[in-house]
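Okay, so here's the structure we're looking at.
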Amino acid sequence: MDISFITSVIDYFATLKMPTIFEFVGTFAFAISGIRLASAKHFDWFGAYVVGVATAIGGGTFRDMMLGTTPFWMTDPIYLCWSGLALLWVILFGKWLIRLHNTFFIFDTVGLALFTVVGIQKSLDYGFPLWVGIVMGAMTGAAGGVIRDVFINEIPLIFRKEIYAIACVVGGIVFGICMWLGAETLVTHAVCGISVFLTRVLAVKYHICLPTLKGSHVQEEE
Amino acid sequence: MDISFITSVIDYFATLKMPTIFEFVGTFAFAISGIRLASAKHFDWFGAYVVGVATAIGGGTFRDMMLGTTPFWMTDPIYLCWSGLALLWVILFGKWLIRLHNTFFIFDTVGLALFTVVGIQKSLDYGFPLWVGIVMGAMTGAAGGVIRDVFINEIPLIFRKEIYAIACVVGGIVFGICMWLGAETLVTHAVCGISVFLTRVLAVKYHICLPTLKGSHVQEEE
Amino acid sequence: MDISFITSVIDYFATLKMPTIFEFVGTFAFAISGIRLASAKHFDWFGAYVVGVATAIGGGTFRDMMLGTTPFWMTDPIYLCWSGLALLWVILFGKWLIRLHNTFFIFDTVGLALFTVVGIQKSLDYGFPLWVGIVMGAMTGAAGGVIRDVFINEIPLIFRKEIYAIACVVGGIVFGICMWLGAETLVTHAVCGISVFLTRVLAVKYHICLPTLKGSHVQEEE
C-alpha cells in the first residue's frame, strides 16, 4: 500500500457527488447497524458481514425484484465493498462505537432519507403510481432492518418501537405534494429527504410513538 | 363525511361481483389474523398493519415474483385499503373478536379457497403445467401465514398444526381432475374452491391432522 | 408396482450423467438436513417436507429471481420428487440417521460444491461479471440453509459456526483463477467444485473457523 494507492483513493472520493456521498453514508450506517446487532449474538466475521450487507441492500433488493428489474447492487460492487469497510470498522473500532451513538443515529437517518427518495423515484421511473412509490420508498428504507432482525432471530424492531418506516411514508406524502405543486425534481427530492430526516429526529427527540395494540383479546384465547 | 360519500360507498359495494366479494372476505380475514397475532406481541399500529398486509398479500407476492410478473397488489391499491380496514376493525372492535372466532374461521377458509383457485389459474395462464399451479395455489394460500409467523418470531403454525396448506393441495388435485374431465372453467373453480373449504372445515371438525416426525434421532446428536 | 416399473426406474437411473447424480445427491442431502431439523421441532410431515424443499431449492430460487429468470425447479418436477424421497427416507430410516452422520456430511458437501458451480456458471451465462457469480454461487449453496433456520426459528447456523459459505467463496475465487488461466469449462467446474469440497472438509477436520465478533460494546448499550 504505497502513496500512489492512497492518492488514488483520495482522488476517487474527491470526484464523488452529493447523492453518492449520502448513499455511502447510508449504506455504511445501515451495514454498521446490522454488524453490531450480529456481534451481540456472537456471529463470526462472515455472518456479521452477511447481516450487514442484508441490512444495507435488502430493502432495495426486494424493491427491485418487485419492480421487475435487476437488484441494484448487482450492477456495481461498491455496495458490497462499503459493507466490507463497515465490517472492518467494527472489528477495529468496535469498542468506541458507543461514544459514536449519536453520530450513527444521524448517519442512519440520512441513509433512511436517501433510500426513501431513491425508492420513490425509481418506482415512478418504472411507470408506477405515487402510492406504489410510497410503499417502495418505505420498503427501501425499512425492509433491510426487518431482514436483519429476522436473521438475528428477534422480533423486527420497527414493528414495536420508534417512528421509523412511518417517517418514510411522511416523506412519500411530501414527495407527492411537491409533485402536485409542480416543484422541480431536485427540489422534490431534497424536501422529501429532509421531511424523512426531520420526522425521525423529532419523533426520537420528543419520544413520539404510535399507539400499541393491547392484544388482551388474543392472549386469553391462544 | 356527508351522505353522498356513504351513498357512493354503498353503490361501490353494490357493483361488486361474487369473486371480488370473496377476495375482500379473504384479504380482510387474512389481514385480521396477522393483526391479531401482532397485537398479542404488543406491536404498534404500523407494525400490526405491516404484519396484516404481509399475511394478506405475501403469498401472492412471492407467487407473482416466481411467475415473473408484477405483484398483483401493485396494480390496485384496494388490497392495502382492505388491510387498513382490518386494522381499524381490530382497533375499534378488538375485544369482541373472541366471540367472532367461528366467523373468522369461516372467513379465513373462504380466503384460503379463493386464493388457491386464483394461484392455480394464474400459473396456468402463464403457461406453467398443473403441478406448478398446485404449488403456486398452496403458496398463494399459505405463504402469507408463514411470513406472518416469521415476523412475530414464532415457528410457522402451518408446519405443526392443522390441515391448512394440504387443503390447497387437495383443491389443486381436484382442479386437475376437473380439467381432465373437461369441465368448464367456472365449474372447475367452484369445485376446487369448495374442496379446499370442505377439506379444512372437516379436518378441523374431526381433528384430523398429519403425523408428526419424532425427531428423537436428532435431539440426541445436536 | 410390478417388475416393469422397477426396470424403468433402474433404466432411468442408468441414463443419468455425472452432474445429474451430483445434483440428486446434493438435493437429497440438503432436503434431509431440513427435514431432520424440522423433526427435532416436531413438525408434521407436510411442514417437514416444506422445510426440506426450502433447504434444497431456496438458494437457487432466490438466485433465479435476482437473475430475472424462472426459478429452476418450476421447469422440472424432479426436485420436488427428490425432496419427497428424502421425507420418505427420514420417516422410514430416521433412527439410523445418526450412524450415517459422516455419509451425510459428505453428501451435503458434495451438494454444496455442485450448487456453487451451478450458481456461478448460471450467473456468467446471464452476462453478469465474476464477482456477481461468486455471490450467486454462495447464495445457491448457503441461502437454503438460512431459510431452513428461519423456518425453524433458530439463528442461522452458517452465521455462527463452521466454514460453510466461505467455502463457496473460495471455490468462486478458484473458478475465477481457472478462467483467467484459460482452463476449459469442464476443468474449471471440476477444480472449483473440488476446492469447495476440500475447503469445507479440511476446515471441519482441523476445526478451522472464522473469528467471532465480541459484541461487548453492544450489549452494554441495548
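If you're wondering about the labels, chains in the C-alpha cells are A, B, ... by order shown, residues count from 1 in each chain, ligands from 1 in order shown.
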
Problem set entry | Identical-sequence pair chain A and chain B: C-alpha RMSD when superposed in order | 0.0 Å

Listing only residues of chain C within 7 Å of chain B, what is the closest atom pair and its distance in Å (to one decimal) for each, using only C-alpha atoms, sorted by chain and residue number ascending, as CSV?
```
residue,atom,partner,partner_atom,distance
C:Arg36,CA,B:Val218,CA,6.5
C:Ser39,CA,B:Gly215,CA,4.4
C:Ala40,CA,B:Gly215,CA,4.3
C:His42,CA,B:Leu213,CA,5.6
C:Phe43,CA,B:Arg160,CA,4.6
C:Asp44,CA,B:Thr212,CA,3.9
C:Trp45,CA,B:Thr212,CA,5.9
C:Phe46,CA,B:Phe159,CA,6.6
C:Gly47,CA,B:Phe159,CA,3.8
C:Met65,CA,B:Met66,CA,6.7
C:Thr70,CA,B:Met66,CA,6.2
C:Pro71,CA,B:Met66,CA,6.4
C:Met74,CA,B:Val132,CA,6.3
C:Gly94,CA,B:His217,CA,6.6
C:Lys95,CA,B:His217,CA,5.4
C:Leu97,CA,B:His217,CA,7.0
C:Ile98,CA,B:His217,CA,6.6
C:Phe151,CA,B:Ile155,CA,6.3
C:Ile152,CA,B:Ile155,CA,5.7
C:Asn153,CA,B:Ile155,CA,5.5
```

Problem set entry | Backbone-only DSSP, alpha helix (DSSP H) members of chain B, as a PyMOL selection string | chain B and resi 3-14+18-40+45-67+78-93+101-125+130-151+165-180+185-205+216-219

Problem set entry | Residue contacts of Leu80 (chain A) (12 Å, only C-alpha atoms) excluding same-chain residues fewer than 3 positions away, as a PyMOL selection string | (chain A and resi 24+27-28+31+49-58+72-77+83-87) or (chain C and resi 131-132+135)

Problem set entry | Spatial neighbours of Ala29 (chain C), 7 Å, only C-alpha atoms, chain gap at least 2 places, as JSON, numbers by chain | {"C": [25, 26, 27, 31, 32, 33, 104, 107, 108]}
